[in-house]
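K.L.:
Below is a structure I'd like to ask you about.
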Amino acid sequence: MTDLNPQAKQMADESMVRNLDAQARAIWPQEVPLIRRYALPAEPRILDAGCGTGEASWRLAELFPRASVLAVDILDQSLDLARSRYARFAPRLRFDHQSIYELRAADHTFDLVVCRHVLHSIPHADRAIAELSRVTRPGGYLHLIPEDYGMLHFQRAALDPRDFWHDAPAKFAAATGTDLFLGRHTFGILAAMHFEEIKMDYIIVDTLRVPRETFAAIIEAWRDGYSEAIGQFTRFSRQSAADYFNQMIANIRDPRGYAVWMVPVASARLR
Ligand SMILES: C[S@@+](CC[C@H](N)C(=O)[O-])C[C@H]1O[C@@H](n2cnc3c(N)ncnc32)[C@H](O)[C@@H]1O
């Protein structure tokens with residue numbers, strides 16, 4: 001049987017709390033204009049599926065002051081942290097233990113369904129997207145960040161990061177039954193379903209648009225959370241993975257260095 005949560009250990013690691021914080025600080029400022037495009041009712045019902053520590057959930061509640069936001073995840077420690085951090089938004093913002101494969105909401109419940117940084121890390125992304133579409137109301141919107149590890153570019157130094165990014169995610173994905181290049185495949189998944197206005201946009205996390213320390217904090221968290229599993233699943237040892245990550249971090253911190261992570265945002269409207 002396929003493990004439906006193959007990154008459970010990494011998601012529960014303390015490094016993930018840092019990672020989600022840094023990712024949100026890097027990404028959200030460019031994401032807001034994309035979210036504002038959606039024609040939502042005055043009191044939108046929003047689902048944040050796979051909410052983690054609630055970084056996007058509270059930002060959505062703040063962005064839409066009359067919205068009700070349901071944020072779900074299967075990791076109780078993240079849900080507890082989110083509930084304690086963002087109690088000020090209750091009861092408009094609720095955190096609940098639910099799986100993205102089997103949501104408890106009735107069909108056509110939400111005006112906006114958000115799913116960020118989740119679908120590449122679990123198997124059967126298409127099944128999860130079908131479940132998200134089930135709970136979206138006709139005319140409502142799906143807003144996804146399906147990561148793609150072929151969209152990160154760093155400068156070469158003693159090591160060539162292209163070797164790492166070319167090989168490690170493919171092997172990691174094969175070992176975990178996931179698609180770590182999901183970004184480029186999401187359009188096709190949506191096009192095969194009942195969606196219209198399908199768009200692919202990109203948030204550019206680079207050393208010009210995002211503070212170097214914020215970008216570096218993301219890669220530091222990946223180093224701390226994922227080097228061991230990379231050592232297990234790929235031809236790179238744990239130490240070698242850490243060496244590559246450390247070089248990428250130095251690249252980002254170098255005032256003359258340039259690095260970029262292109263973060264795909266897929267959105268669509270349910271017919
Ligand atoms: C990288 S975090 C993203 C958190 C959040 N969406 C954000 O943007 O900050 C991925 C989350 O997906 C959750 N997850 C994994 N499988 C899930 C499932 N079947 N149902 C709900 N959440 C799931 C993990 O527990 C983890 O908290």
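Just so we're on the same page: first chain in the structure tokens is A, next is B, and so on; residues restart at 1 for each chain, and ligands are numbered from 1 in the order they show up.
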Could I get the residue neighbourhood of ligand 1 at 10 Å, counting only C-alpha atoms and all ligand atoms, as an MDAnalysis selection string?
P.N.:
chainID A and resid 4:12 16:17 19:24 27:28 48:57 71:79 96:103 114:123 128 144:145 147
K.L.:
To test your reading of the structure, identify every residue in range 33-85 of chain A that backbone DSSP assigns to alpha helix (DSSP H), and report it as an MDAnalysis selection string.
P.N.:
chainID A and resid 33:36 55:63 76:85
K.L.:
As an exercise, work out the distance from CA of Glu197 in chain A to CA of Glu43 in chain A in Å and give it to one decimal place.
P.N.:
22.3 Å
K.L.:
Kindly indicate which residue among A:Asp160, A:Ile203, A:Ile189, A:Arg134 lies nearest to Arg104 in chain A, using only C-alpha atoms for the distances.
P.N.:
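Between A:Asp160, A:Ile203, A:Ile189, A:Arg134, the residue approaching Arg104 in chain A most closely is A:Arg134.
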K.L.:
Each residue of range 78-157 of chain A lying at most 10 Å from range 36-41 of chain A should get a row with its shortest atom-to-atom pair and the distance in Å to one decimal, counting only C-alpha atoms; could you produce that, ordered by chain and increasing number, as JSON lines?
P.N.:
{"residue": "A:Asp111", "atom": "CA", "partner": "A:Leu40", "partner_atom": "CA", "distance": 6.6}
{"residue": "A:Leu112", "atom": "CA", "partner": "A:Leu40", "partner_atom": "CA", "distance": 7.7}
{"residue": "A:Gly139", "atom": "CA", "partner": "A:Ala39", "partner_atom": "CA", "distance": 8.9}
{"residue": "A:Gly140", "atom": "CA", "partner": "A:Leu40", "partner_atom": "CA", "distance": 7.6}
{"residue": "A:Tyr141", "atom": "CA", "partner": "A:Tyr38", "partner_atom": "CA", "distance": 7.1}
{"residue": "A:Leu142", "atom": "CA", "partner": "A:Tyr38", "partner_atom": "CA", "distance": 9.6}
{"residue": "A:His143", "atom": "CA", "partner": "A:Tyr38", "partner_atom": "CA", "distance": 9.6}
K.L.:
For the selection just defined, write its residues with N, CA and C atoms to a file, as a compact mmCIF listing (two decimals), in the first residue's frame.
P.N.:
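Written out: again-v1.txt:
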# COMPACT_ATOMS: atom_id res chain seq x y z
N ASP A 111 -16.00 29.00 -1.51
CA ASP A 111 -15.81 29.96 -2.61
C ASP A 111 -14.37 29.97 -3.10
N LEU A 112 -13.45 29.66 -2.17
CA LEU A 112 -12.02 29.65 -2.50
C LEU A 112 -11.37 28.49 -1.75
N GLY A 139 -18.22 28.11 -9.95
CA GLY A 139 -17.89 29.54 -9.97
C GLY A 139 -16.85 29.90 -8.92
N GLY A 140 -16.54 28.99 -8.03
CA GLY A 140 -15.51 29.23 -7.02
C GLY A 140 -14.12 28.90 -7.57
N TYR A 141 -13.11 29.21 -6.77
CA TYR A 141 -11.73 29.14 -7.27
C TYR A 141 -10.87 28.15 -6.49
N LEU A 142 -9.94 27.55 -7.23
CA LEU A 142 -8.90 26.71 -6.65
C LEU A 142 -7.58 27.48 -6.79
N HIS A 143 -6.80 27.52 -5.72
CA HIS A 143 -5.53 28.25 -5.73
C HIS A 143 -4.47 27.32 -5.15
K.L.:
Could you produce a table of the residues of range 135-172 of chain A lying within 9 Å of range 221-245 of chain A, with the nearest pair of atoms per residue and their separation in Å rounded to one decimal, using only C-alpha atoms, ordered by chain and increasing residue number, as a Markdown table?
P.N.:
| residue | atom | partner | partner_atom | distance |
| --- | --- | --- | --- | --- |
| A:Leu159 | CA | A:Tyr244 | CA | 6.9 |
| A:Asp160 | CA | A:Tyr244 | CA | 8.2 |
| A:Pro161 | CA | A:Tyr244 | CA | 6.6 |
| A:Phe164 | CA | A:Tyr244 | CA | 7.4 |
| A:Asp167 | CA | A:Thr234 | CA | 7.9 |
| A:Ala168 | CA | A:Thr234 | CA | 5.7 |
| A:Pro169 | CA | A:Thr234 | CA | 8.3 |
| A:Ala170 | CA | A:Thr234 | CA | 8.6 |
| A:Lys171 | CA | A:Thr234 | CA | 5.5 |
| A:Phe172 | CA | A:Phe233 | CA | 5.5 |
K.L.:
Would you mind exporting the chosen residues as a tab-separated table (two decimals), in the first residue's frame, restricted to N, CA, C and O atoms?
P.N.:
chain	number	residue	atom	x	y	z
A	159	LEU	N	30.84	22.90	-6.06
A	159	LEU	CA	29.84	21.92	-6.51
A	159	LEU	C	28.94	22.57	-7.55
A	159	LEU	O	28.78	23.79	-7.55
A	160	ASP	N	28.35	21.74	-8.41
A	160	ASP	CA	27.38	22.28	-9.37
A	160	ASP	C	25.96	21.89	-8.90
A	160	ASP	O	25.57	20.72	-9.02
A	161	PRO	N	25.19	22.86	-8.38
A	161	PRO	CA	23.85	22.53	-7.86
A	161	PRO	C	22.93	21.92	-8.92
A	161	PRO	O	21.95	21.25	-8.57
A	164	PHE	N	22.73	18.24	-8.41
A	164	PHE	CA	21.88	17.88	-7.27
A	164	PHE	C	20.40	17.96	-7.64
A	164	PHE	O	19.64	17.00	-7.46
A	167	ASP	N	19.02	15.34	-10.14
A	167	ASP	CA	18.97	13.93	-9.75
A	167	ASP	C	18.20	13.66	-8.46
A	167	ASP	O	17.39	12.72	-8.40
A	168	ALA	N	18.48	14.45	-7.42
A	168	ALA	CA	17.94	14.10	-6.09
A	168	ALA	C	16.41	14.09	-6.04
A	168	ALA	O	15.82	13.12	-5.54
A	169	PRO	N	15.72	15.13	-6.56
A	169	PRO	CA	14.25	15.10	-6.45
A	169	PRO	C	13.63	13.94	-7.22
A	169	PRO	O	12.63	13.36	-6.75
A	170	ALA	N	14.20	13.58	-8.37
A	170	ALA	CA	13.63	12.47	-9.15
A	170	ALA	C	13.72	11.17	-8.36
A	170	ALA	O	12.74	10.40	-8.29
A	171	LYS	N	14.84	10.94	-7.72
A	171	LYS	CA	15.01	9.70	-6.94
A	171	LYS	C	14.15	9.75	-5.68
A	171	LYS	O	13.55	8.74	-5.29
A	172	PHE	N	14.11	10.90	-5.04
A	172	PHE	CA	13.30	11.06	-3.83
A	172	PHE	C	11.83	10.81	-4.17
A	172	PHE	O	11.11	10.10	-3.45
K.L.:
List the neighbours of range 60-69 of chain A out to 9 Å using only C-alpha atoms; skip same-chain residues closer than 6 positions along the sequence, and give me the result as a compact mmCIF listing (two decimals) with N, CA, C and O atoms, in the first residue's frame.
P.N.:
# COMPACT_ATOMS: atom_id res chain seq x y z
N VAL A 32 -0.44 37.83 -2.85
CA VAL A 32 -1.66 38.61 -2.57
C VAL A 32 -2.31 39.13 -3.86
O VAL A 32 -3.52 38.95 -4.05
N ARG A 36 -6.15 38.34 -5.03
CA ARG A 36 -7.12 39.44 -5.16
C ARG A 36 -7.84 39.43 -6.51
O ARG A 36 -8.85 40.09 -6.69
N ALA A 42 -18.87 38.81 -0.73
CA ALA A 42 -18.45 39.72 0.36
C ALA A 42 -18.01 38.95 1.60
O ALA A 42 -17.14 39.39 2.35
N GLU A 43 -18.64 37.80 1.82
CA GLU A 43 -18.29 36.99 2.99
C GLU A 43 -17.85 35.61 2.52
O GLU A 43 -18.59 34.62 2.68
N PRO A 44 -16.67 35.52 1.94
CA PRO A 44 -16.28 34.26 1.31
C PRO A 44 -16.01 33.15 2.31
O PRO A 44 -15.54 33.38 3.41
N ARG A 45 -16.36 31.93 1.88
CA ARG A 45 -16.00 30.74 2.65
C ARG A 45 -14.74 30.15 2.02
O ARG A 45 -14.72 29.83 0.82
N ILE A 46 -13.69 30.07 2.85
CA ILE A 46 -12.37 29.69 2.34
C ILE A 46 -11.90 28.43 3.04
O ILE A 46 -12.04 28.29 4.26
N LEU A 47 -11.30 27.52 2.26
CA LEU A 47 -10.65 26.32 2.82
C LEU A 47 -9.15 26.43 2.58
O LEU A 47 -8.73 26.71 1.45
N ASP A 48 -8.34 26.23 3.64
CA ASP A 48 -6.89 26.12 3.49
C ASP A 48 -6.55 24.65 3.77
O ASP A 48 -6.53 24.23 4.93
N PHE A 89 -8.11 35.30 15.67
CA PHE A 89 -9.03 35.28 14.51
C PHE A 89 -10.24 34.36 14.74
O PHE A 89 -11.11 34.28 13.89
N PRO A 91 -13.84 33.07 16.15
CA PRO A 91 -14.14 31.79 15.51
C PRO A 91 -14.17 31.85 13.98
O PRO A 91 -14.49 30.86 13.33
N ARG A 92 -13.77 33.00 13.43
CA ARG A 92 -13.81 33.15 11.96
C ARG A 92 -12.78 32.22 11.30
O ARG A 92 -12.95 31.80 10.16
N LEU A 93 -11.70 31.94 12.02
CA LEU A 93 -10.66 31.04 11.54
C LEU A 93 -10.64 29.81 12.44
O LEU A 93 -10.47 29.93 13.66
N ARG A 94 -10.86 28.64 11.83
CA ARG A 94 -10.89 27.38 12.59
C ARG A 94 -9.86 26.41 12.04
O ARG A 94 -9.65 26.35 10.81
N PHE A 95 -9.24 25.66 12.95
CA PHE A 95 -8.27 24.64 12.54
C PHE A 95 -8.83 23.27 12.91
O PHE A 95 -9.28 23.07 14.04
K.L.:
With only C-alpha atoms as the atoms that count, which of A:Val265, A:Ala217, A:Met248, A:Ala259 lies nearest to His185 in chain A?
P.N.:
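Checking each candidate against His185 in chain A, we get A:Val265 as the closest.
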K.L.:
Using DSSP on the backbone coordinates, identify all residues within range 12-247 of chain A classified as strand (DSSP E); present the result as JSON, numbers by chain.
P.N.:
{"A": [45, 46, 47, 48, 49, 68, 69, 70, 71, 72, 73, 93, 94, 95, 96, 97, 110, 111, 112, 113, 114, 115, 116, 136, 137, 138, 139, 140, 141, 142, 143, 144, 145, 152, 153, 195, 196, 197, 198, 199, 200, 201, 202, 203, 204, 205, 206]}
K.L.:
Figure out the distance between CA of Leu132 in chain A and CA of Phe195 in chain A, please, to one decimal in Å.
P.N.:
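Pair CA of Phe195 in chain A / CA of Leu132 in chain A returns 11.9 Å.
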